[in-house]
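This is model_36.txt. It holds compact mmCIF, N, CA and C atoms.
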```txt
# COMPACT_ATOMS: atom_id res chain seq x y z
N MET G 1 -18.18 13.52 6.84
CA MET G 1 -17.49 14.73 6.44
C MET G 1 -16.14 14.41 5.77
N TYR G 2 -15.49 13.33 6.21
CA TYR G 2 -14.17 13.01 5.67
C TYR G 2 -14.22 11.87 4.66
N ASP G 3 -15.43 11.54 4.17
CA ASP G 3 -15.58 10.51 3.16
C ASP G 3 -14.85 10.95 1.89
N GLN G 4 -14.07 10.07 1.32
CA GLN G 4 -13.27 10.34 0.11
C GLN G 4 -12.16 11.36 0.36
N CYS G 5 -11.83 11.62 1.62
CA CYS G 5 -10.78 12.58 1.97
C CYS G 5 -9.49 11.82 2.27
N HIS G 6 -8.39 12.31 1.75
CA HIS G 6 -7.11 11.64 1.95
C HIS G 6 -6.17 12.44 2.84
N GLY G 7 -6.42 13.73 2.98
CA GLY G 7 -5.54 14.55 3.80
C GLY G 7 -6.23 15.82 4.27
N VAL G 8 -5.84 16.26 5.47
CA VAL G 8 -6.38 17.49 6.05
C VAL G 8 -5.21 18.31 6.57
N ILE G 9 -5.23 19.58 6.27
CA ILE G 9 -4.23 20.50 6.83
C ILE G 9 -4.94 21.41 7.81
N LEU G 10 -4.49 21.35 9.06
CA LEU G 10 -5.05 22.19 10.12
C LEU G 10 -3.98 23.22 10.50
N MET G 11 -4.34 24.49 10.36
CA MET G 11 -3.38 25.55 10.66
C MET G 11 -3.66 26.15 12.03
N VAL G 12 -2.59 26.32 12.78
CA VAL G 12 -2.67 26.88 14.13
C VAL G 12 -1.96 28.22 14.13
N ASN G 13 -2.55 29.16 14.84
CA ASN G 13 -1.89 30.43 15.11
C ASN G 13 -1.39 30.35 16.55
N PRO G 14 -0.13 29.98 16.75
CA PRO G 14 0.38 29.78 18.11
C PRO G 14 0.40 31.04 18.97
N THR G 15 0.14 32.19 18.36
CA THR G 15 0.07 33.41 19.17
C THR G 15 -1.30 33.52 19.85
N LYS G 16 -2.22 32.62 19.50
CA LYS G 16 -3.56 32.58 20.11
C LYS G 16 -3.83 31.14 20.53
N GLU G 17 -3.88 30.90 21.83
CA GLU G 17 -3.99 29.54 22.36
C GLU G 17 -5.25 28.84 21.89
N TRP G 18 -6.36 29.55 21.73
CA TRP G 18 -7.63 28.92 21.40
C TRP G 18 -7.56 28.18 20.05
N THR G 19 -6.67 28.60 19.14
CA THR G 19 -6.59 27.92 17.84
C THR G 19 -6.05 26.49 18.01
N PHE G 20 -5.10 26.31 18.93
CA PHE G 20 -4.58 24.98 19.18
C PHE G 20 -5.63 24.12 19.89
N SER G 21 -6.38 24.70 20.82
CA SER G 21 -7.45 23.96 21.50
C SER G 21 -8.50 23.50 20.48
N TYR G 22 -8.83 24.37 19.56
CA TYR G 22 -9.81 24.02 18.51
C TYR G 22 -9.29 22.87 17.65
N VAL G 23 -8.02 22.94 17.26
CA VAL G 23 -7.42 21.89 16.43
C VAL G 23 -7.37 20.56 17.20
N LYS G 24 -7.06 20.59 18.48
CA LYS G 24 -7.05 19.36 19.28
C LYS G 24 -8.42 18.70 19.25
N ASP G 25 -9.48 19.50 19.37
CA ASP G 25 -10.84 18.95 19.31
C ASP G 25 -11.14 18.37 17.93
N LEU G 26 -10.70 19.06 16.88
CA LEU G 26 -10.92 18.57 15.52
C LEU G 26 -10.20 17.25 15.26
N LEU G 27 -9.00 17.13 15.80
CA LEU G 27 -8.21 15.91 15.58
C LEU G 27 -8.96 14.67 16.03
N ASP G 28 -9.72 14.78 17.11
CA ASP G 28 -10.48 13.64 17.61
C ASP G 28 -11.55 13.17 16.63
N SER G 29 -12.02 14.06 15.78
CA SER G 29 -13.09 13.70 14.85
C SER G 29 -12.59 13.20 13.50
N ILE G 30 -11.29 13.28 13.27
CA ILE G 30 -10.72 12.87 11.98
C ILE G 30 -10.32 11.40 12.06
N PRO G 31 -10.84 10.58 11.15
CA PRO G 31 -10.48 9.15 11.18
C PRO G 31 -8.99 8.92 10.94
N GLU G 32 -8.48 7.82 11.47
CA GLU G 32 -7.05 7.52 11.32
C GLU G 32 -6.68 7.15 9.89
N THR G 33 -7.66 6.96 9.04
CA THR G 33 -7.38 6.66 7.63
C THR G 33 -7.04 7.93 6.85
N VAL G 34 -7.23 9.07 7.48
CA VAL G 34 -6.97 10.37 6.82
C VAL G 34 -5.68 10.95 7.41
N GLU G 35 -4.75 11.30 6.53
CA GLU G 35 -3.51 11.95 6.97
C GLU G 35 -3.82 13.38 7.40
N VAL G 36 -3.13 13.85 8.44
CA VAL G 36 -3.37 15.19 8.97
C VAL G 36 -2.03 15.90 9.13
N LEU G 37 -1.99 17.16 8.71
CA LEU G 37 -0.82 18.00 8.94
C LEU G 37 -1.22 19.14 9.85
N LEU G 38 -0.58 19.22 11.01
CA LEU G 38 -0.76 20.35 11.91
C LEU G 38 0.30 21.37 11.51
N LEU G 39 -0.16 22.48 10.99
CA LEU G 39 0.73 23.52 10.46
C LEU G 39 0.72 24.70 11.42
N ALA G 40 1.85 24.93 12.07
CA ALA G 40 1.97 26.04 13.02
C ALA G 40 2.53 27.25 12.28
N ASN G 41 1.69 28.25 12.07
CA ASN G 41 2.06 29.44 11.32
C ASN G 41 2.76 30.46 12.23
N PHE G 42 3.19 31.53 11.63
CA PHE G 42 3.83 32.66 12.33
C PHE G 42 5.17 32.26 12.97
N ARG G 43 5.94 31.46 12.26
CA ARG G 43 7.25 31.06 12.79
C ARG G 43 8.15 32.27 12.94
N ASP G 44 7.89 33.32 12.17
CA ASP G 44 8.68 34.55 12.26
C ASP G 44 8.37 35.34 13.53
N GLN G 45 7.32 34.94 14.26
CA GLN G 45 6.93 35.64 15.48
C GLN G 45 7.03 34.71 16.69
N LEU G 46 8.05 33.89 16.72
CA LEU G 46 8.22 32.89 17.76
C LEU G 46 8.16 33.50 19.17
N ASP G 47 8.65 34.70 19.31
CA ASP G 47 8.65 35.35 20.63
C ASP G 47 7.25 35.70 21.12
N GLN G 48 6.25 35.64 20.22
CA GLN G 48 4.86 35.95 20.60
C GLN G 48 4.01 34.69 20.78
N TRP G 49 4.60 33.53 20.54
CA TRP G 49 3.83 32.29 20.66
C TRP G 49 3.43 32.06 22.12
N VAL G 50 2.16 31.77 22.33
CA VAL G 50 1.68 31.41 23.67
C VAL G 50 1.50 29.90 23.79
N THR G 51 1.47 29.22 22.65
CA THR G 51 1.45 27.75 22.64
C THR G 51 2.83 27.30 22.20
N ALA G 52 3.53 26.63 23.08
CA ALA G 52 4.90 26.23 22.80
C ALA G 52 4.95 25.16 21.71
N ARG G 53 6.00 25.23 20.94
CA ARG G 53 6.21 24.28 19.84
C ARG G 53 6.24 22.84 20.36
N ASN G 54 6.96 22.61 21.46
CA ASN G 54 7.07 21.25 21.98
C ASN G 54 5.73 20.71 22.47
N VAL G 55 4.83 21.58 22.92
CA VAL G 55 3.49 21.14 23.34
C VAL G 55 2.72 20.62 22.12
N MET G 56 2.80 21.35 21.02
CA MET G 56 2.12 20.91 19.80
C MET G 56 2.74 19.63 19.27
N GLN G 57 4.07 19.55 19.27
CA GLN G 57 4.75 18.36 18.77
C GLN G 57 4.43 17.13 19.63
N GLU G 58 4.36 17.31 20.95
CA GLU G 58 4.02 16.20 21.84
C GLU G 58 2.59 15.72 21.57
N HIS G 59 1.69 16.65 21.34
CA HIS G 59 0.31 16.26 21.04
C HIS G 59 0.26 15.47 19.72
N VAL G 60 0.99 15.92 18.75
CA VAL G 60 1.04 15.23 17.46
C VAL G 60 1.63 13.83 17.64
N ALA G 61 2.67 13.71 18.45
CA ALA G 61 3.32 12.42 18.67
C ALA G 61 2.38 11.41 19.30
N THR G 62 1.46 11.87 20.11
CA THR G 62 0.52 10.95 20.78
C THR G 62 -0.78 10.77 19.99
N ALA G 63 -0.96 11.56 18.96
CA ALA G 63 -2.23 11.52 18.19
C ALA G 63 -2.30 10.36 17.22
N GLY G 64 -1.18 9.76 16.88
CA GLY G 64 -1.19 8.64 15.94
C GLY G 64 -0.26 8.89 14.77
N ARG G 65 -0.01 7.80 14.06
CA ARG G 65 0.93 7.85 12.95
C ARG G 65 0.44 8.72 11.79
N HIS G 66 -0.83 8.98 11.73
CA HIS G 66 -1.40 9.73 10.61
C HIS G 66 -1.36 11.24 10.81
N VAL G 67 -0.83 11.70 11.94
CA VAL G 67 -0.77 13.14 12.23
C VAL G 67 0.69 13.60 12.16
N HIS G 68 0.92 14.70 11.45
CA HIS G 68 2.27 15.22 11.22
C HIS G 68 2.32 16.70 11.64
N TYR G 69 3.51 17.20 11.88
CA TYR G 69 3.68 18.57 12.35
C TYR G 69 4.68 19.31 11.46
N CYS G 70 4.41 20.59 11.26
CA CYS G 70 5.34 21.42 10.49
C CYS G 70 5.17 22.89 10.91
N ASP G 71 6.28 23.56 11.16
CA ASP G 71 6.26 25.01 11.37
C ASP G 71 6.20 25.68 10.00
N CYS G 72 5.60 26.86 9.96
CA CYS G 72 5.60 27.59 8.70
C CYS G 72 5.51 29.09 8.96
N CYS G 73 5.76 29.83 7.90
CA CYS G 73 5.58 31.27 7.92
C CYS G 73 5.08 31.64 6.53
N LEU G 74 3.83 32.02 6.45
CA LEU G 74 3.25 32.32 5.15
C LEU G 74 3.75 33.64 4.57
N VAL G 75 4.42 34.44 5.37
CA VAL G 75 4.98 35.69 4.87
C VAL G 75 6.14 35.41 3.91
N ASN G 76 6.99 34.44 4.29
CA ASN G 76 8.16 34.15 3.46
C ASN G 76 8.19 32.71 2.95
N MET G 77 7.09 31.98 3.11
CA MET G 77 6.91 30.61 2.61
C MET G 77 7.80 29.58 3.32
N PHE G 78 8.29 29.92 4.50
CA PHE G 78 9.04 28.95 5.28
C PHE G 78 8.12 27.76 5.59
N GLY G 79 8.63 26.56 5.44
CA GLY G 79 7.86 25.35 5.75
C GLY G 79 7.17 24.72 4.56
N MET G 80 7.22 25.37 3.40
CA MET G 80 6.52 24.81 2.24
C MET G 80 7.07 23.44 1.81
N PRO G 81 8.36 23.18 1.94
CA PRO G 81 8.82 21.81 1.63
C PRO G 81 8.13 20.75 2.51
N GLY G 82 7.85 21.11 3.76
CA GLY G 82 7.13 20.20 4.65
C GLY G 82 5.71 19.96 4.18
N VAL G 83 5.06 21.00 3.68
CA VAL G 83 3.69 20.87 3.15
C VAL G 83 3.71 19.99 1.90
N GLU G 84 4.68 20.24 1.03
CA GLU G 84 4.81 19.42 -0.19
C GLU G 84 5.04 17.95 0.16
N SER G 85 5.86 17.71 1.15
CA SER G 85 6.13 16.34 1.59
C SER G 85 4.84 15.69 2.11
N PHE G 86 4.06 16.44 2.87
CA PHE G 86 2.79 15.93 3.37
C PHE G 86 1.85 15.58 2.22
N LEU G 87 1.80 16.43 1.23
CA LEU G 87 0.93 16.16 0.07
C LEU G 87 1.39 14.90 -0.68
N ARG G 88 2.71 14.67 -0.70
CA ARG G 88 3.21 13.43 -1.32
C ARG G 88 2.78 12.20 -0.53
N ILE G 89 2.75 12.34 0.80
CA ILE G 89 2.26 11.23 1.63
C ILE G 89 0.83 10.89 1.22
N CYS G 90 0.00 11.91 1.08
CA CYS G 90 -1.40 11.70 0.67
C CYS G 90 -1.47 11.06 -0.70
N LEU G 91 -0.67 11.53 -1.63
CA LEU G 91 -0.67 10.98 -2.98
C LEU G 91 -0.25 9.50 -2.96
N HIS G 92 0.78 9.18 -2.19
CA HIS G 92 1.23 7.79 -2.11
C HIS G 92 0.16 6.90 -1.49
N ARG G 93 -0.57 7.41 -0.52
CA ARG G 93 -1.67 6.63 0.08
C ARG G 93 -2.74 6.34 -0.97
N ILE G 94 -3.06 7.33 -1.79
CA ILE G 94 -4.05 7.13 -2.85
C ILE G 94 -3.56 6.04 -3.81
N LYS G 95 -2.30 6.14 -4.22
CA LYS G 95 -1.73 5.14 -5.13
C LYS G 95 -1.74 3.75 -4.51
N MET G 96 -1.41 3.65 -3.22
CA MET G 96 -1.41 2.36 -2.54
C MET G 96 -2.81 1.77 -2.49
N GLU G 97 -3.81 2.59 -2.26
CA GLU G 97 -5.19 2.10 -2.26
C GLU G 97 -5.57 1.58 -3.64
N GLU G 98 -5.19 2.32 -4.67
CA GLU G 98 -5.50 1.90 -6.04
C GLU G 98 -4.78 0.59 -6.38
N PHE G 99 -3.51 0.48 -6.02
CA PHE G 99 -2.77 -0.76 -6.27
C PHE G 99 -3.36 -1.92 -5.49
N SER G 100 -3.84 -1.64 -4.30
CA SER G 100 -4.46 -2.69 -3.49
C SER G 100 -5.72 -3.21 -4.17
N ARG G 101 -6.54 -2.30 -4.70
CA ARG G 101 -7.74 -2.72 -5.44
C ARG G 101 -7.36 -3.51 -6.69
N GLU G 102 -6.33 -3.06 -7.38
CA GLU G 102 -5.87 -3.75 -8.58
C GLU G 102 -5.35 -5.15 -8.23
N LEU G 103 -4.62 -5.26 -7.13
CA LEU G 103 -4.10 -6.55 -6.70
C LEU G 103 -5.24 -7.51 -6.36
N GLU G 104 -6.26 -7.02 -5.67
CA GLU G 104 -7.42 -7.86 -5.37
C GLU G 104 -8.07 -8.37 -6.65
N SER G 105 -8.21 -7.49 -7.63
CA SER G 105 -8.80 -7.87 -8.91
C SER G 105 -7.95 -8.92 -9.61
N LEU G 106 -6.64 -8.74 -9.60
CA LEU G 106 -5.74 -9.72 -10.23
C LEU G 106 -5.76 -11.05 -9.50
N GLU G 107 -5.86 -11.02 -8.17
CA GLU G 107 -5.93 -12.26 -7.40
C GLU G 107 -7.20 -13.02 -7.74
N THR G 108 -8.32 -12.31 -7.89
CA THR G 108 -9.58 -12.94 -8.27
C THR G 108 -9.48 -13.54 -9.67
N ALA G 109 -8.94 -12.78 -10.62
CA ALA G 109 -8.80 -13.27 -11.99
C ALA G 109 -7.87 -14.48 -12.04
N SER G 110 -6.80 -14.45 -11.26
CA SER G 110 -5.87 -15.56 -11.23
C SER G 110 -6.53 -16.81 -10.65
N ALA G 111 -7.30 -16.65 -9.59
CA ALA G 111 -8.00 -17.78 -8.98
C ALA G 111 -8.99 -18.39 -9.96
N LEU G 112 -9.69 -17.55 -10.71
CA LEU G 112 -10.62 -18.05 -11.73
C LEU G 112 -9.89 -18.80 -12.84
N ALA G 113 -8.74 -18.30 -13.24
CA ALA G 113 -7.95 -18.96 -14.29
C ALA G 113 -7.45 -20.32 -13.80
N VAL G 114 -7.03 -20.40 -12.55
CA VAL G 114 -6.57 -21.68 -11.98
C VAL G 114 -7.73 -22.67 -11.94
N GLU G 115 -8.89 -22.20 -11.51
CA GLU G 115 -10.09 -23.05 -11.45
C GLU G 115 -10.46 -23.56 -12.85
N GLU G 116 -10.42 -22.68 -13.83
CA GLU G 116 -10.73 -23.06 -15.21
C GLU G 116 -9.72 -24.08 -15.73
N ALA G 117 -8.44 -23.86 -15.45
CA ALA G 117 -7.40 -24.79 -15.90
C ALA G 117 -7.59 -26.17 -15.26
N GLU G 118 -7.97 -26.20 -13.99
CA GLU G 118 -8.20 -27.48 -13.32
C GLU G 118 -9.39 -28.21 -13.92
N LYS G 119 -10.46 -27.49 -14.25
CA LYS G 119 -11.63 -28.12 -14.86
C LYS G 119 -11.28 -28.69 -16.23
N ILE G 120 -10.53 -27.93 -17.01
CA ILE G 120 -10.13 -28.39 -18.34
C ILE G 120 -9.25 -29.63 -18.20
N SER G 121 -8.32 -29.60 -17.28
CA SER G 121 -7.42 -30.74 -17.07
C SER G 121 -8.19 -31.98 -16.65
N ASP G 122 -9.18 -31.81 -15.77
CA ASP G 122 -9.97 -32.95 -15.29
C ASP G 122 -10.83 -33.56 -16.39
N LYS G 123 -11.28 -32.77 -17.34
CA LYS G 123 -12.20 -33.24 -18.38
C LYS G 123 -11.49 -33.66 -19.66
N GLN G 124 -10.19 -33.55 -19.72
CA GLN G 124 -9.48 -33.90 -20.95
C GLN G 124 -9.58 -35.40 -21.23
N ASP G 125 -9.89 -35.74 -22.51
CA ASP G 125 -10.00 -37.13 -22.93
C ASP G 125 -9.42 -37.23 -24.34
N TYR G 126 -8.18 -37.65 -24.40
CA TYR G 126 -7.49 -37.70 -25.69
C TYR G 126 -8.15 -38.69 -26.63
N ASP G 127 -8.65 -39.80 -26.09
CA ASP G 127 -9.26 -40.82 -26.95
C ASP G 127 -10.48 -40.27 -27.69
N SER G 128 -11.26 -39.43 -27.06
CA SER G 128 -12.42 -38.87 -27.76
C SER G 128 -12.01 -37.70 -28.65
N TYR G 129 -10.84 -37.15 -28.42
CA TYR G 129 -10.37 -36.02 -29.21
C TYR G 129 -9.73 -36.49 -30.51
N ALA G 130 -8.87 -37.50 -30.45
CA ALA G 130 -8.16 -38.00 -31.63
C ALA G 130 -8.52 -39.47 -31.85
N PRO G 131 -8.74 -39.86 -33.08
CA PRO G 131 -9.06 -41.27 -33.35
C PRO G 131 -7.86 -42.16 -33.05
N PRO G 132 -8.10 -43.43 -32.73
CA PRO G 132 -6.98 -44.35 -32.47
C PRO G 132 -6.11 -44.51 -33.72
N PRO G 133 -4.87 -44.91 -33.55
CA PRO G 133 -3.97 -45.09 -34.71
C PRO G 133 -4.57 -46.10 -35.70
N GLY G 134 -4.46 -45.80 -36.97
CA GLY G 134 -4.97 -46.66 -38.02
C GLY G 134 -6.40 -46.37 -38.41
N ALA G 135 -7.12 -45.68 -37.60
CA ALA G 135 -8.51 -45.34 -37.94
C ALA G 135 -8.49 -44.10 -38.81
N GLU G 136 -9.55 -43.96 -39.58
CA GLU G 136 -9.63 -42.78 -40.45
C GLU G 136 -9.81 -41.54 -39.61
N GLY G 137 -9.00 -40.60 -39.87
CA GLY G 137 -9.10 -39.34 -39.14
C GLY G 137 -9.40 -38.23 -40.11
N PRO G 138 -9.24 -37.05 -39.70
CA PRO G 138 -9.46 -35.93 -40.61
C PRO G 138 -8.51 -36.04 -41.79
N GLU G 139 -8.95 -35.58 -42.95
CA GLU G 139 -8.17 -35.68 -44.17
C GLU G 139 -6.90 -34.85 -44.03
N ASP G 140 -5.77 -35.42 -44.49
CA ASP G 140 -4.50 -34.72 -44.47
C ASP G 140 -4.53 -33.66 -45.56
N PRO G 141 -4.39 -32.39 -45.23
CA PRO G 141 -4.50 -31.33 -46.23
C PRO G 141 -3.47 -31.45 -47.35
N SER G 142 -2.34 -32.09 -47.11
CA SER G 142 -1.32 -32.20 -48.15
C SER G 142 -1.71 -33.20 -49.24
N THR G 143 -2.65 -34.12 -48.97
CA THR G 143 -3.08 -35.10 -49.97
C THR G 143 -4.41 -34.76 -50.58
N ALA G 144 -5.02 -33.69 -50.19
CA ALA G 144 -6.34 -33.30 -50.75
C ALA G 144 -6.14 -32.80 -52.17
N PRO G 145 -7.14 -33.06 -53.06
CA PRO G 145 -7.02 -32.56 -54.43
C PRO G 145 -7.05 -31.04 -54.47
N ASP G 146 -6.39 -30.48 -55.51
CA ASP G 146 -6.37 -29.02 -55.65
C ASP G 146 -7.77 -28.53 -55.93
N PRO G 147 -8.15 -27.41 -55.33
CA PRO G 147 -9.47 -26.86 -55.62
C PRO G 147 -9.54 -26.38 -57.06
N GLU G 148 -10.75 -26.38 -57.60
CA GLU G 148 -10.97 -25.91 -58.98
C GLU G 148 -10.67 -24.41 -59.02
N PRO G 149 -9.95 -23.96 -60.08
CA PRO G 149 -9.69 -22.53 -60.19
C PRO G 149 -10.98 -21.77 -60.43
N ALA G 150 -11.05 -20.60 -59.91
CA ALA G 150 -12.25 -19.76 -60.08
C ALA G 150 -12.30 -19.24 -61.51
N ALA G 151 -13.52 -19.19 -62.04
CA ALA G 151 -13.68 -18.76 -63.44
C ALA G 151 -13.86 -17.28 -63.56
```
Reformat the file's structure so that it appears as structure tokens.
Amino acid sequence: MYDQCHGVILMVNPTKEWTFSYVKDLLDSIPETVEVLLLANFRDQLDQWVTARNVMQEHVATAGRHVHYCDCCLVNMFGMPGVESFLRICLHRIKMEEFSRELESLETASALAVEEAEKISDKQDYDSYAPPPGAEGPEDPSTAPDPEPAA
């Protein structure tokens, strides 16, 4: 279910305890490779919350480094900077994965280049490449006769 997933936002209605219980069960099924934001809505109705903020925060603190908490109020958009920050975390994770794949590819290419350079170095034979001094070698282009002009 979470294949190719980088982030999950789970919203809780703290005025109804069952929503937090449901989210706690869901958290167990989400792999630690996926970032999670527990979003507690209805911050404007704090006096009606039956699930205390500190209870949710404590659960998040013990759930692992990949789980984050943010209060919000969708009526007035309170908490949206926290959501944006969470989305940046997900984006940075994607970029880090891509850079990691790129680094692996570059390490492989570099290892192949080193191997090729070592083979070339081991097989180099100047004597077979250039004739000994005084022997006839390739004609010096500066002493070659001028080519016939084209008619």
Report task. Rounded to one decimal place, report the atom CA of G:Leu103-atom CA of G:Gly7 distance in Å. Result ->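 For atom CA of G:Leu103 relative to atom CA of G:Gly7, the distance reads 23.6 Å.
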**Report entry** Distance query G:Cys72 at most 8 Å, only N, CA and C atoms, self and fewer than 2 positions along chain excluded, as a count of residues only
**Finding:** 16
Query - Nearest to G:Met11 by atom-to-atom distance, counting only C-alpha atoms, from G:Asp47, G:Gly134, G:Thr108, G:Met56 - result: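 Smallest separation from G:Met11 among the options: G:Met56.
With only N, CA and C atoms as the atoms that count, the residue of G:Glu35, G:Asp127, G:Asp122, G:Glu17 with the shortest distance to G:Val67 is G:Glu35.
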Report summary line: Separating atom CA of G:Ala130 from atom CA of G:Glu115, to the nearest tenth of an Å, is a gap of 25.2 Å
Since the input has fewer atoms than a full residue there, write stretch 96-109 of chain G out with N, CA, C and O atoms, as an mmCIF file, keeping the file's coordinate frame.
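Printed below is selection_28.cif as written:
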```cif
data_model
loop_
_atom_site.group_PDB
_atom_site.id
_atom_site.type_symbol
_atom_site.label_atom_id
_atom_site.label_comp_id
_atom_site.auth_asym_id
_atom_site.auth_seq_id
_atom_site.Cartn_x
_atom_site.Cartn_y
_atom_site.Cartn_z
ATOM 1 N N MET G 96 -1.410 3.650 -3.220
ATOM 2 C CA MET G 96 -1.410 2.360 -2.540
ATOM 3 C C MET G 96 -2.810 1.770 -2.490
ATOM 4 O O MET G 96 -2.975 0.553 -2.689
ATOM 5 N N GLU G 97 -3.810 2.590 -2.260
ATOM 6 C CA GLU G 97 -5.190 2.100 -2.260
ATOM 7 C C GLU G 97 -5.570 1.580 -3.640
ATOM 8 O O GLU G 97 -6.206 0.531 -3.762
ATOM 9 N N GLU G 98 -5.190 2.320 -4.670
ATOM 10 C CA GLU G 98 -5.500 1.900 -6.040
ATOM 11 C C GLU G 98 -4.780 0.590 -6.380
ATOM 12 O O GLU G 98 -5.372 -0.324 -6.963
ATOM 13 N N PHE G 99 -3.510 0.480 -6.020
ATOM 14 C CA PHE G 99 -2.770 -0.760 -6.270
ATOM 15 C C PHE G 99 -3.360 -1.920 -5.490
ATOM 16 O O PHE G 99 -3.392 -3.044 -5.972
ATOM 17 N N SER G 100 -3.840 -1.640 -4.300
ATOM 18 C CA SER G 100 -4.460 -2.690 -3.490
ATOM 19 C C SER G 100 -5.720 -3.210 -4.170
ATOM 20 O O SER G 100 -5.944 -4.430 -4.233
ATOM 21 N N ARG G 101 -6.540 -2.300 -4.700
ATOM 22 C CA ARG G 101 -7.740 -2.720 -5.440
ATOM 23 C C ARG G 101 -7.360 -3.510 -6.690
ATOM 24 O O ARG G 101 -7.970 -4.525 -7.013
ATOM 25 N N GLU G 102 -6.330 -3.060 -7.380
ATOM 26 C CA GLU G 102 -5.870 -3.750 -8.580
ATOM 27 C C GLU G 102 -5.350 -5.150 -8.230
ATOM 28 O O GLU G 102 -5.626 -6.120 -8.925
ATOM 29 N N LEU G 103 -4.620 -5.260 -7.130
ATOM 30 C CA LEU G 103 -4.100 -6.550 -6.700
ATOM 31 C C LEU G 103 -5.240 -7.510 -6.360
ATOM 32 O O LEU G 103 -5.200 -8.682 -6.742
ATOM 33 N N GLU G 104 -6.260 -7.020 -5.670
ATOM 34 C CA GLU G 104 -7.420 -7.860 -5.370
ATOM 35 C C GLU G 104 -8.070 -8.370 -6.650
ATOM 36 O O GLU G 104 -8.435 -9.539 -6.755
ATOM 37 N N SER G 105 -8.210 -7.490 -7.630
ATOM 38 C CA SER G 105 -8.800 -7.870 -8.910
ATOM 39 C C SER G 105 -7.950 -8.920 -9.610
ATOM 40 O O SER G 105 -8.481 -9.909 -10.155
ATOM 41 N N LEU G 106 -6.640 -8.740 -9.600
ATOM 42 C CA LEU G 106 -5.740 -9.720 -10.230
ATOM 43 C C LEU G 106 -5.760 -11.050 -9.500
ATOM 44 O O LEU G 106 -5.695 -12.114 -10.129
ATOM 45 N N GLU G 107 -5.860 -11.020 -8.170
ATOM 46 C CA GLU G 107 -5.930 -12.260 -7.400
ATOM 47 C C GLU G 107 -7.200 -13.020 -7.740
ATOM 48 O O GLU G 107 -7.182 -14.248 -7.904
ATOM 49 N N THR G 108 -8.320 -12.310 -7.890
ATOM 50 C CA THR G 108 -9.580 -12.940 -8.270
ATOM 51 C C THR G 108 -9.480 -13.540 -9.670
ATOM 52 O O THR G 108 -9.873 -14.689 -9.896
ATOM 53 N N ALA G 109 -8.940 -12.780 -10.620
ATOM 54 C CA ALA G 109 -8.800 -13.270 -11.990
ATOM 55 C C ALA G 109 -7.870 -14.480 -12.040
ATOM 56 O O ALA G 109 -8.127 -15.446 -12.762
#
```
